[in-house]
>>> print(open('query.cif').read())   # mmCIF, C-alpha atoms and all ligand atoms
data_work
#
loop_
_atom_site.group_PDB
_atom_site.id
_atom_site.type_symbol
_atom_site.label_atom_id
_atom_site.label_comp_id
_atom_site.auth_asym_id
_atom_site.auth_seq_id
_atom_site.Cartn_x
_atom_site.Cartn_y
_atom_site.Cartn_z
ATOM 1 C CA MET A 1 28.004 -5.088 -29.568
ATOM 2 C CA THR A 2 26.911 -2.950 -32.459
ATOM 3 C CA GLU A 3 27.484 -3.705 -36.099
ATOM 4 C CA ILE A 4 28.106 -0.219 -37.349
ATOM 5 C CA ARG A 5 26.767 -0.808 -40.858
ATOM 6 C CA ASP A 6 23.298 -1.517 -39.429
ATOM 7 C CA LEU A 7 23.101 1.923 -37.798
ATOM 8 C CA SER A 8 21.876 5.175 -39.265
ATOM 9 C CA ASP A 9 23.872 8.380 -39.497
ATOM 10 C CA PRO A 10 22.128 10.272 -36.634
ATOM 11 C CA ILE A 11 22.595 7.338 -34.275
ATOM 12 C CA ILE A 12 26.280 6.918 -35.067
ATOM 13 C CA ARG A 13 26.865 10.641 -34.525
ATOM 14 C CA LYS A 14 25.195 10.478 -31.124
ATOM 15 C CA ILE A 15 27.205 7.532 -29.801
ATOM 16 C CA HIS A 16 29.391 8.743 -26.994
ATOM 17 C CA SER A 17 32.198 6.244 -26.625
ATOM 18 C CA LYS A 18 33.542 5.497 -30.053
ATOM 19 C CA SER A 19 36.085 2.724 -30.227
ATOM 20 C CA ALA A 20 35.898 0.292 -33.098
ATOM 21 C CA VAL A 21 37.319 -3.004 -34.297
ATOM 22 C CA ILE A 22 38.180 -3.815 -37.919
ATOM 23 C CA PRO A 23 38.607 -7.551 -38.585
ATOM 24 C CA ILE A 24 40.936 -8.487 -41.464
ATOM 25 C CA GLY A 25 40.994 -11.953 -42.976
ATOM 26 C CA SER A 26 41.854 -13.534 -46.316
ATOM 27 C CA LEU A 27 40.410 -15.746 -49.034
ATOM 28 C CA GLU A 28 42.777 -18.625 -49.658
ATOM 29 C CA GLN A 29 42.955 -22.420 -49.829
ATOM 30 C CA HIS A 30 42.412 -24.244 -46.544
ATOM 31 C CA GLY A 31 42.574 -27.839 -47.802
ATOM 32 C CA SER A 32 39.532 -29.806 -49.006
ATOM 33 C CA HIS A 33 37.662 -29.716 -45.710
ATOM 34 C CA LEU A 34 37.466 -25.943 -45.110
ATOM 35 C CA PRO A 35 36.229 -23.019 -47.222
ATOM 36 C CA ILE A 36 38.579 -20.356 -48.545
ATOM 37 C CA SER A 37 36.839 -17.897 -46.203
ATOM 38 C CA THR A 38 38.210 -19.659 -43.081
ATOM 39 C CA ASP A 39 40.481 -16.836 -41.878
ATOM 40 C CA SER A 40 37.808 -14.207 -42.537
ATOM 41 C CA ASP A 41 35.130 -16.311 -40.800
ATOM 42 C CA ILE A 42 37.197 -16.926 -37.660
ATOM 43 C CA VAL A 43 38.426 -13.358 -37.282
ATOM 44 C CA THR A 44 34.874 -12.045 -37.768
ATOM 45 C CA GLU A 45 33.568 -14.202 -34.906
ATOM 46 C CA VAL A 46 36.490 -13.284 -32.633
ATOM 47 C CA ALA A 47 35.910 -9.588 -33.405
ATOM 48 C CA LYS A 48 32.185 -9.960 -32.687
ATOM 49 C CA ALA A 49 32.907 -11.493 -29.286
ATOM 50 C CA LEU A 50 35.535 -8.843 -28.554
ATOM 51 C CA ALA A 51 33.155 -6.038 -29.557
ATOM 52 C CA LYS A 52 30.531 -7.468 -27.229
ATOM 53 C CA LYS A 53 32.889 -7.828 -24.264
ATOM 54 C CA CYS A 54 34.528 -4.412 -24.668
ATOM 55 C CA GLY A 55 31.631 -2.347 -26.032
ATOM 56 C CA LEU A 56 33.279 -1.688 -29.385
ATOM 57 C CA LEU A 57 31.662 -0.778 -32.657
ATOM 58 C CA LEU A 58 32.123 -3.636 -35.120
ATOM 59 C CA LEU A 59 33.191 -2.656 -38.630
ATOM 60 C CA PRO A 60 32.711 -4.928 -41.659
ATOM 61 C CA THR A 61 35.461 -7.524 -42.182
ATOM 62 C CA ILE A 62 38.052 -6.875 -44.864
ATOM 63 C CA GLN A 63 38.017 -10.264 -46.563
ATOM 64 C CA TYR A 64 40.851 -9.807 -49.052
ATOM 65 C CA GLY A 65 44.336 -10.312 -47.686
ATOM 66 C CA VAL A 66 47.914 -10.994 -48.745
ATOM 67 C CA SER A 67 48.071 -14.710 -49.589
ATOM 68 C CA PHE A 68 50.356 -15.013 -52.612
ATOM 69 C CA GLU A 69 52.344 -17.666 -50.713
ATOM 70 C CA HIS A 70 49.477 -20.139 -51.368
ATOM 71 C CA ALA A 71 49.934 -20.113 -55.158
ATOM 72 C CA PRO A 72 49.437 -22.199 -57.240
ATOM 73 C CA PHE A 73 46.500 -23.141 -54.983
ATOM 74 C CA VAL A 74 43.597 -20.709 -54.698
ATOM 75 C CA ASN A 75 44.349 -17.283 -53.220
ATOM 76 C CA PHE A 76 42.537 -14.038 -54.002
ATOM 77 C CA SER A 77 45.240 -11.626 -52.955
ATOM 78 C CA ILE A 78 46.066 -7.971 -52.741
ATOM 79 C CA ARG A 79 49.570 -6.588 -52.251
ATOM 80 C CA ASP A 80 51.055 -5.598 -48.857
ATOM 81 C CA LYS A 81 51.065 -1.969 -49.867
ATOM 82 C CA THR A 82 47.456 -2.086 -51.115
ATOM 83 C CA LEU A 83 46.205 -3.470 -47.810
ATOM 84 C CA GLN A 84 48.266 -0.960 -45.886
ATOM 85 C CA ASN A 85 47.012 2.009 -47.944
ATOM 86 C CA TYR A 86 43.428 0.797 -47.619
ATOM 87 C CA LEU A 87 43.720 0.581 -43.841
ATOM 88 C CA VAL A 88 45.463 3.933 -43.506
ATOM 89 C CA ASP A 89 42.734 5.637 -45.560
ATOM 90 C CA LEU A 90 40.007 3.897 -43.589
ATOM 91 C CA CYS A 91 41.453 4.744 -40.154
ATOM 92 C CA VAL A 92 41.972 8.390 -41.094
ATOM 93 C CA SER A 93 38.354 8.523 -42.303
ATOM 94 C CA LEU A 94 37.118 6.901 -39.093
ATOM 95 C CA GLY A 95 38.995 9.573 -37.140
ATOM 96 C CA GLN A 96 37.243 12.270 -39.174
ATOM 97 C CA ASN A 97 33.994 10.644 -38.025
ATOM 98 C CA ASN A 98 35.045 10.823 -34.373
ATOM 99 C CA ILE A 99 36.137 7.203 -34.083
ATOM 100 C CA HIS A 100 39.571 7.730 -32.629
ATOM 101 C CA ARG A 101 40.449 4.409 -31.029
ATOM 102 C CA ILE A 102 40.687 1.557 -33.485
ATOM 103 C CA ILE A 103 41.599 -2.077 -33.001
ATOM 104 C CA ILE A 104 42.770 -3.827 -36.163
ATOM 105 C CA LEU A 105 42.232 -7.536 -35.578
ATOM 106 C CA ASN A 106 44.185 -9.729 -37.961
ATOM 107 C CA GLY A 107 43.223 -13.303 -38.865
ATOM 108 C CA HIS A 108 45.832 -14.200 -41.481
ATOM 109 C CA HIS A 109 49.569 -14.715 -41.100
ATOM 110 C CA GLY A 110 50.479 -13.200 -44.487
ATOM 111 C CA ASN A 111 48.866 -9.856 -43.601
ATOM 112 C CA GLN A 112 51.381 -9.132 -40.853
ATOM 113 C CA ASN A 113 53.907 -7.290 -43.015
ATOM 114 C CA SER A 114 51.406 -4.700 -44.138
ATOM 115 C CA LEU A 115 50.309 -4.065 -40.539
ATOM 116 C CA LYS A 116 53.758 -3.483 -39.026
ATOM 117 C CA SER A 117 54.079 0.282 -39.262
ATOM 118 C CA ILE A 118 50.434 1.243 -39.535
ATOM 119 C CA SER A 119 49.899 2.603 -35.995
ATOM 120 C CA GLY A 120 52.830 5.011 -36.310
ATOM 121 C CA LYS A 121 51.736 6.163 -39.770
ATOM 122 C CA ILE A 122 48.212 6.993 -38.648
ATOM 123 C CA SER A 123 49.408 8.642 -35.462
ATOM 124 C CA LYS A 124 51.676 10.883 -37.545
ATOM 125 C CA MET A 125 48.962 11.727 -40.074
ATOM 126 C CA THR A 126 46.407 12.598 -37.373
ATOM 127 C CA ARG A 127 48.912 14.264 -35.005
ATOM 128 C CA GLY A 128 48.320 11.608 -32.384
ATOM 129 C CA LYS A 129 44.573 12.053 -32.389
ATOM 130 C CA THR A 130 43.673 8.639 -33.799
ATOM 131 C CA LYS A 131 45.152 5.662 -32.013
ATOM 132 C CA VAL A 132 45.391 2.314 -33.786
ATOM 133 C CA PHE A 133 46.274 -0.960 -32.081
ATOM 134 C CA VAL A 134 47.075 -4.045 -34.135
ATOM 135 C CA PHE A 135 46.626 -7.616 -32.893
ATOM 136 C CA SER A 136 46.733 -11.054 -34.504
ATOM 137 C CA TYR A 137 44.192 -13.209 -32.709
ATOM 138 C CA TRP A 138 46.342 -16.358 -32.494
ATOM 139 C CA ARG A 139 48.798 -14.600 -30.171
ATOM 140 C CA PHE A 140 46.123 -14.875 -27.472
ATOM 141 C CA MET A 141 46.074 -18.666 -27.226
ATOM 142 C CA ASP A 142 48.528 -21.157 -25.789
ATOM 143 C CA ARG A 143 48.500 -23.584 -28.691
ATOM 144 C CA GLU A 144 50.717 -23.152 -31.695
ATOM 145 C CA PHE A 145 48.857 -21.710 -34.661
ATOM 146 C CA ASP A 146 48.360 -23.871 -37.756
ATOM 147 C CA HIS A 147 46.768 -23.653 -41.179
ATOM 148 C CA ALA A 148 43.685 -25.829 -41.688
ATOM 149 C CA GLY A 149 45.177 -28.070 -38.948
ATOM 150 C CA PHE A 150 43.781 -29.011 -35.542
ATOM 151 C CA VAL A 151 43.378 -25.446 -34.245
ATOM 152 C CA GLU A 152 41.786 -23.765 -37.248
ATOM 153 C CA THR A 153 39.570 -26.737 -38.019
ATOM 154 C CA SER A 154 38.379 -26.973 -34.393
ATOM 155 C CA LEU A 155 37.669 -23.231 -34.402
ATOM 156 C CA MET A 156 35.656 -23.583 -37.606
ATOM 157 C CA LEU A 157 33.684 -26.482 -36.085
ATOM 158 C CA ALA A 158 32.902 -24.209 -33.134
ATOM 159 C CA ILE A 159 31.732 -21.199 -35.141
ATOM 160 C CA SER A 160 30.133 -22.606 -38.302
ATOM 161 C CA ASN A 161 28.792 -25.673 -40.078
ATOM 162 C CA LYS A 162 31.063 -25.260 -43.076
ATOM 163 C CA THR A 163 33.624 -27.938 -42.126
ATOM 164 C CA ARG A 164 33.609 -31.258 -43.989
ATOM 165 C CA MET A 165 35.537 -33.544 -41.620
ATOM 166 C CA LYS A 166 35.342 -36.529 -44.026
ATOM 167 C CA LEU A 167 37.663 -34.641 -46.357
ATOM 168 C CA ALA A 168 40.190 -33.655 -43.654
ATOM 169 C CA ARG A 169 43.733 -34.908 -44.346
ATOM 170 C CA LYS A 170 46.902 -34.714 -42.295
ATOM 171 C CA GLY A 171 49.357 -32.084 -43.524
ATOM 172 C CA LEU A 172 52.816 -31.001 -42.392
ATOM 173 C CA VAL A 173 53.484 -31.945 -38.766
ATOM 174 C CA THR A 174 56.484 -30.212 -37.194
ATOM 175 C CA GLN A 175 56.402 -31.790 -33.717
ATOM 176 C CA ASN A 176 59.389 -34.088 -34.243
ATOM 177 C CA MET A 177 61.489 -31.566 -36.118
ATOM 178 C CA THR A 178 64.528 -29.839 -34.653
ATOM 179 C CA ALA A 179 64.344 -26.092 -33.979
ATOM 180 C CA GLN A 180 66.580 -25.540 -36.983
ATOM 181 C CA GLN A 181 64.336 -27.607 -39.276
ATOM 182 C CA ARG A 182 61.286 -25.698 -38.080
ATOM 183 C CA VAL A 183 62.867 -22.332 -38.822
ATOM 184 C CA LYS A 184 63.782 -23.542 -42.290
ATOM 185 C CA ILE A 185 60.329 -24.910 -43.120
ATOM 186 C CA SER A 186 58.579 -21.814 -41.699
ATOM 187 C CA LYS A 187 60.725 -19.639 -43.913
ATOM 188 C CA LEU A 188 59.853 -21.709 -46.970
ATOM 189 C CA ALA A 189 56.145 -21.667 -46.030
ATOM 190 C CA SER A 190 56.112 -17.871 -45.900
ATOM 191 C CA THR A 191 56.983 -17.718 -49.606
ATOM 192 C CA ASN A 192 55.820 -21.103 -50.947
ATOM 193 C CA PHE A 193 53.290 -22.699 -48.630
ATOM 194 C CA ILE A 194 52.428 -25.540 -50.990
ATOM 195 C CA LYS A 195 56.063 -26.572 -51.460
ATOM 196 C CA ALA A 196 56.524 -26.591 -47.673
ATOM 197 C CA THR A 197 53.357 -28.507 -46.790
ATOM 198 C CA LYS A 198 52.685 -30.490 -50.021
ATOM 199 C CA ASN A 199 48.885 -30.504 -49.539
ATOM 200 C CA GLY A 200 48.380 -26.954 -48.251
ATOM 201 C CA ILE A 201 47.739 -28.003 -44.653
ATOM 202 C CA TRP A 202 49.971 -27.123 -41.699
ATOM 203 C CA GLY A 203 49.116 -29.494 -38.881
ATOM 204 C CA ASP A 204 46.730 -32.403 -38.513
ATOM 205 C CA PRO A 205 43.008 -31.639 -38.683
ATOM 206 C CA THR A 206 41.829 -35.256 -38.436
ATOM 207 C CA THR A 207 41.228 -35.109 -34.666
ATOM 208 C CA ALA A 208 39.746 -31.588 -34.670
ATOM 209 C CA ASN A 209 36.515 -31.217 -32.747
ATOM 210 C CA LYS A 210 33.933 -28.639 -31.757
ATOM 211 C CA LYS A 211 34.565 -28.874 -28.005
ATOM 212 C CA ASP A 212 38.248 -27.984 -28.290
ATOM 213 C CA GLY A 213 37.307 -25.283 -30.777
ATOM 214 C CA GLN A 214 34.963 -23.700 -28.250
ATOM 215 C CA LYS A 215 37.656 -23.882 -25.569
ATOM 216 C CA ILE A 216 40.265 -22.247 -27.812
ATOM 217 C CA PHE A 217 37.741 -19.602 -28.891
ATOM 218 C CA CYS A 218 36.964 -18.693 -25.266
ATOM 219 C CA GLU A 219 40.648 -18.561 -24.377
ATOM 220 C CA ILE A 220 41.354 -16.176 -27.275
ATOM 221 C CA THR A 221 38.431 -13.849 -26.637
ATOM 222 C CA GLN A 222 39.066 -13.692 -22.886
ATOM 223 C CA ASN A 223 42.770 -12.899 -23.206
ATOM 224 C CA LEU A 224 42.216 -10.474 -26.046
ATOM 225 C CA SER A 225 39.444 -8.550 -24.318
ATOM 226 C CA LYS A 226 41.599 -8.182 -21.185
ATOM 227 C CA THR A 227 44.324 -6.532 -23.255
ATOM 228 C CA VAL A 228 41.933 -4.390 -25.291
ATOM 229 C CA SER A 229 39.869 -3.142 -22.358
ATOM 230 C CA LYS A 230 43.028 -1.675 -20.824
ATOM 231 C CA LEU A 231 43.687 0.273 -24.018
ATOM 232 C CA ILE A 232 40.285 1.765 -24.631
ATOM 233 C CA HIS A 233 39.084 2.787 -21.166
HETATM 234 ZN ZN ZN A 301 43.807 -19.917 -42.093
#
>>> encode(input="query.cif", output="structure tokens", more="lines below")
Ligand SMILES: [Zn+2]
Amino acid sequence: MTEIRDLSDPIIRKIHSKSAVIPIGSLEQHGSHLPISTDSDIVTEVAKALAKKCGLLLLPTIQYGVSFEHAPFVNFSIRDKTLQNYLVDLCVSLGQNNIHRIIILNGHHGNQNSLKSISGKISKMTRGKTKVFVFSYWRFMDREFDHAGFVETSLMLAISNKTRMKLARKGLVTQNMTAQQRVKISKLASTNFIKATKNGIWGDPTTANKKDGQKIFCEITQNLSKTVSKLIH
């Protein structure tokens, strides 16, 4: 795995197989027990592991995402369109530097809208020369995704020492809800996360642990690298 920003110009120009991964995260509230960088931290580690397994160049993480739904709690957000324009510009520029296969790896739910049509846009602009594939990492695990709940907190315990378990509090638990109730609360959460969850946590982080985090991390990186290796070779 090569972090591209550590390389010099002549070396980058000499690299033969040029496929790259761009991790995208967010900076937003993740309860009292996790830092606002949680999504960016997790997606960076997943991208690192993916780059290693698939021989990709690793680009710097885009840490600002679309998180307005977390207001009035902390969220340092950019608009859908801003993120989309930024990524389009970046991918076109990468293509001009002979990096023609690009994986955009997303780590935050609220970024999904801006990523929807990006592959088609770039393909059109580069006449099919630059291929962009978009994935959200949580689609590569069996468990249901949460926000500062069991899954995210376990992942953070596995990849960093930034978690303060003493401050972890149970948030919104949807297990006993009907399908209809879940749809309704998910819809509310996508526009007003704090109203939906009350304390900004989706799930229950109180039983999160490093061992499960490592297991989930391995599951994600294995499944993801299987999919990606088929696309880039
Ligand atoms: Zn998160």
>>> axis_aligned_box(input="query.cif", around="segment 133-146 of chain A", padding_each_side="4 Å", output="JSON")
{"center_x": 47.5, "center_y": -12.4, "center_z": -31.8, "size_x": 14.5, "size_y": 30.9, "size_z": 20.0}
>>> residues_near_ligand(input="query.cif", ligand="ligand ZN 301 (chain A)", cutoff="7 Å", atoms="all atoms listed in the file", output="list of chain:residue names")
A:His30, A:Thr38, A:Asp39, A:His108, A:His147, A:Ala148, A:Glu152
>>> closest_residue(input="query.cif", among="A:Ala196, A:Met165, A:Ile216, A:Leu105", to="Val134 of chain A", atoms="all atoms listed in the file")
A:Leu105
>>> closest_atom_pairs(input="query.cif", of="segment 104-135 of chain A", to="segment 4-23 of chain A", cutoff="9 Å", atoms="only C-alpha atoms", output="tab-separated table")
residue	atom	partner	partner_atom	distance
A:Ile104	CA	A:Ile22	CA	4.9
A:Leu105	CA	A:Pro23	CA	4.7
A:Asn106	CA	A:Pro23	CA	6.0
A:Gly107	CA	A:Pro23	CA	7.4
>>> closest_residue(input="query.cif", among="A:Leu87, A:Val173, A:Ile36, A:Val183", to="Ser67 of chain A", atoms="all atoms listed in the file")
A:Ile36
>>> atom_distance(input="query.cif", atom1="atom CA of Ile99 of chain A", atom2="atom CA of Lys53 of chain A")
18.2 Å
>>> atom_distance(input="query.cif", atom1="atom CA of Asp142 of chain A", atom2="atom CA of Gln181 of chain A")
21.8 Å
>>> closest_residue(input="query.cif", among="A:Leu155, A:Asp80, A:Leu90, A:Gly31", to="Lys198 of chain A", atoms="only C-alpha atoms")
A:Gly31
>>> closest_residue(input="query.cif", among="A:Ile201, A:Ala71, A:Val92, A:Ile159", to="Ser32 of chain A", atoms="all atoms listed in the file")
A:Ile201
>>> atom_distance(input="query.cif", atom1="atom CA of Thr130 of chain A", atom2="atom CA of Val88 of chain A")
10.9 Å
>>> closest_residue(input="query.cif", among="A:Thr126, A:Asn75, A:Thr163, A:Asn111", to="Gly200 of chain A", atoms="all atoms listed in the file")
A:Asn75
>>> residues_around(input="query.cif", residues="Cys54 of chain A", least_positions_apart="6", cutoff="8 Å", atoms="only C-alpha atoms", output="list in words")
Ser225, Val228 and Ser229 of chain A
>>> residues_around(input="query.cif", residues="Lys211 of chain A", least_positions_apart="3", cutoff="8 Å", atoms="only C-alpha atoms", output="list in words")
Ser154, Ala158, Gln214 and Lys215 of chain A
>>> resolve_selection(input="query.cif", expression="the PyMOL selection byres (((chain A and resi 2) around 7) and not hetatm)", output="PDB file with C-alpha atoms, keeping the file's coordinate frame")
ATOM      1  CA  MET A   1      28.004  -5.088 -29.568  1.00  0.00           C
ATOM      2  CA  GLU A   3      27.484  -3.705 -36.099  1.00  0.00           C
ATOM      3  CA  ILE A   4      28.106  -0.219 -37.349  1.00  0.00           C
ATOM      4  CA  LEU A  57      31.662  -0.778 -32.657  1.00  0.00           C
ATOM      5  CA  LEU A  58      32.123  -3.636 -35.120  1.00  0.00           C
TER       6      LEU A  58
END
>>> residues_around(input="query.cif", residues="Thr44 of chain A", least_positions_apart="4", cutoff="8 Å", atoms="all atoms listed in the file", output="list in words")
Pro23, Ile24, Ser40, Lys48 and Thr61 of chain A
>>> resolve_selection(input="query.cif", expression="the PyMOL selection byres (((chain A and resi 150) around 6) and not hetatm)", output="VMD selection string")
chain A and resid 149 151 to 154 204 to 205 208
>>> residues_near_point(input="query.cif", point="(40.6, -11.4, -24.2)", cutoff="10 Å", atoms="all atoms listed in the file", output="tab-separated table (two decimals) with C-alpha atoms, in the coordinates of the input")
chain	number	residue	atom	x	y	z
A	46	VAL	CA	36.49	-13.28	-32.63
A	49	ALA	CA	32.91	-11.49	-29.29
A	50	LEU	CA	35.53	-8.84	-28.55
A	53	LYS	CA	32.89	-7.83	-24.26
A	54	CYS	CA	34.53	-4.41	-24.67
A	137	TYR	CA	44.19	-13.21	-32.71
A	140	PHE	CA	46.12	-14.88	-27.47
A	141	MET	CA	46.07	-18.67	-27.23
A	217	PHE	CA	37.74	-19.60	-28.89
A	218	CYS	CA	36.96	-18.69	-25.27
A	219	GLU	CA	40.65	-18.56	-24.38
A	220	ILE	CA	41.35	-16.18	-27.28
A	221	THR	CA	38.43	-13.85	-26.64
A	222	GLN	CA	39.07	-13.69	-22.89
A	223	ASN	CA	42.77	-12.90	-23.21
A	224	LEU	CA	42.22	-10.47	-26.05
A	225	SER	CA	39.44	-8.55	-24.32
A	226	LYS	CA	41.60	-8.18	-21.18
A	227	THR	CA	44.32	-6.53	-23.26
A	228	VAL	CA	41.93	-4.39	-25.29
A	229	SER	CA	39.87	-3.14	-22.36
>>> closest_residue(input="query.cif", among="A:Pro72, A:Ser190, A:Leu157, A:Lys52", to="Asn113 of chain A", atoms="only C-alpha atoms")
A:Ser190
>>> residues_near_point(input="query.cif", point="(51.0, 5.6, -32.9)", cutoff="7 Å", atoms="all atoms listed in the file", output="PyMOL selection string")
chain A and resi 119-123+128+131-132
>>> residues_around(input="query.cif", residues="Phe193 of chain A", least_positions_apart="5", cutoff="7 Å", atoms="all atoms listed in the file", output="list in words")
Glu69, His70, Leu188 and Gly200 of chain A
>>> write_last_selection(input="query.cif", atoms="C-alpha atoms", output="PDB file, in the frame of the given file")
ATOM      1  CA  GLU A  69      52.344 -17.666 -50.713  1.00  0.00           C
ATOM      2  CA  HIS A  70      49.477 -20.139 -51.368  1.00  0.00           C
ATOM      3  CA  LEU A 188      59.853 -21.709 -46.970  1.00  0.00           C
ATOM      4  CA  GLY A 200      48.380 -26.954 -48.251  1.00  0.00           C
TER       5      GLY A 200
END
>>> build_atoms(input="query.cif", residues="segment 18-34 of chain A", atoms="N, CA and C atoms", output="PDB file, in the coordinates of the input")
ATOM      1  N   LYS A  18      33.377   6.049 -28.711  1.00  0.00           N
ATOM      2  CA  LYS A  18      33.542   5.497 -30.053  1.00  0.00           C
ATOM      3  C   LYS A  18      34.886   4.812 -30.237  1.00  0.00           C
ATOM      4  N   SER A  19      34.929   3.546 -29.906  1.00  0.00           N
ATOM      5  CA  SER A  19      36.085   2.724 -30.227  1.00  0.00           C
ATOM      6  C   SER A  19      35.573   1.622 -31.137  1.00  0.00           C
ATOM      7  N   ALA A  20      36.389   1.253 -32.107  1.00  0.00           N
ATOM      8  CA  ALA A  20      35.898   0.292 -33.098  1.00  0.00           C
ATOM      9  C   ALA A  20      36.914  -0.799 -33.359  1.00  0.00           C
ATOM     10  N   VAL A  21      36.423  -1.919 -33.892  1.00  0.00           N
ATOM     11  CA  VAL A  21      37.319  -3.004 -34.297  1.00  0.00           C
ATOM     12  C   VAL A  21      37.103  -3.305 -35.781  1.00  0.00           C
ATOM     13  N   ILE A  22      38.223  -3.417 -36.505  1.00  0.00           N
ATOM     14  CA  ILE A  22      38.180  -3.815 -37.919  1.00  0.00           C
ATOM     15  C   ILE A  22      38.801  -5.216 -38.034  1.00  0.00           C
ATOM     16  N   PRO A  23      38.009  -6.238 -38.355  1.00  0.00           N
ATOM     17  CA  PRO A  23      38.607  -7.551 -38.585  1.00  0.00           C
ATOM     18  C   PRO A  23      39.178  -7.636 -40.010  1.00  0.00           C
ATOM     19  N   ILE A  24      40.352  -8.260 -40.123  1.00  0.00           N
ATOM     20  CA  ILE A  24      40.936  -8.487 -41.464  1.00  0.00           C
ATOM     21  C   ILE A  24      41.225  -9.964 -41.633  1.00  0.00           C
ATOM     22  N   GLY A  25      40.772 -10.530 -42.729  1.00  0.00           N
ATOM     23  CA  GLY A  25      40.994 -11.953 -42.976  1.00  0.00           C
ATOM     24  C   GLY A  25      41.718 -12.180 -44.283  1.00  0.00           C
ATOM     25  N   SER A  26      41.283 -13.216 -45.011  1.00  0.00           N
ATOM     26  CA  SER A  26      41.854 -13.534 -46.316  1.00  0.00           C
ATOM     27  C   SER A  26      40.908 -14.512 -47.000  1.00  0.00           C
ATOM     28  N   LEU A  27      41.124 -14.700 -48.286  1.00  0.00           N
ATOM     29  CA  LEU A  27      40.410 -15.746 -49.034  1.00  0.00           C
ATOM     30  C   LEU A  27      41.485 -16.600 -49.692  1.00  0.00           C
ATOM     31  N   GLU A  28      41.716 -17.771 -49.127  1.00  0.00           N
ATOM     32  CA  GLU A  28      42.777 -18.625 -49.658  1.00  0.00           C
ATOM     33  C   GLU A  28      42.510 -20.078 -49.304  1.00  0.00           C
ATOM     34  N   GLN A  29      43.163 -20.980 -50.034  1.00  0.00           N
ATOM     35  CA  GLN A  29      42.955 -22.420 -49.829  1.00  0.00           C
ATOM     36  C   GLN A  29      43.165 -22.827 -48.372  1.00  0.00           C
ATOM     37  N   HIS A  30      42.261 -23.650 -47.874  1.00  0.00           N
ATOM     38  CA  HIS A  30      42.412 -24.244 -46.544  1.00  0.00           C
ATOM     39  C   HIS A  30      42.132 -25.738 -46.647  1.00  0.00           C
ATOM     40  N   GLY A  31      42.783 -26.413 -47.607  1.00  0.00           N
ATOM     41  CA  GLY A  31      42.574 -27.839 -47.802  1.00  0.00           C
ATOM     42  C   GLY A  31      41.210 -28.116 -48.421  1.00  0.00           C
ATOM     43  N   SER A  32      40.825 -29.410 -48.403  1.00  0.00           N
ATOM     44  CA  SER A  32      39.532 -29.806 -49.006  1.00  0.00           C
ATOM     45  C   SER A  32      38.396 -29.682 -48.011  1.00  0.00           C
ATOM     46  N   HIS A  33      38.713 -29.626 -46.732  1.00  0.00           N
ATOM     47  CA  HIS A  33      37.662 -29.716 -45.710  1.00  0.00           C
ATOM     48  C   HIS A  33      37.176 -28.366 -45.209  1.00  0.00           C
ATOM     49  N   LEU A  34      37.872 -27.271 -45.594  1.00  0.00           N
ATOM     50  CA  LEU A  34      37.466 -25.943 -45.110  1.00  0.00           C
ATOM     51  C   LEU A  34      37.293 -24.977 -46.287  1.00  0.00           C
TER      52      LEU A  34
END
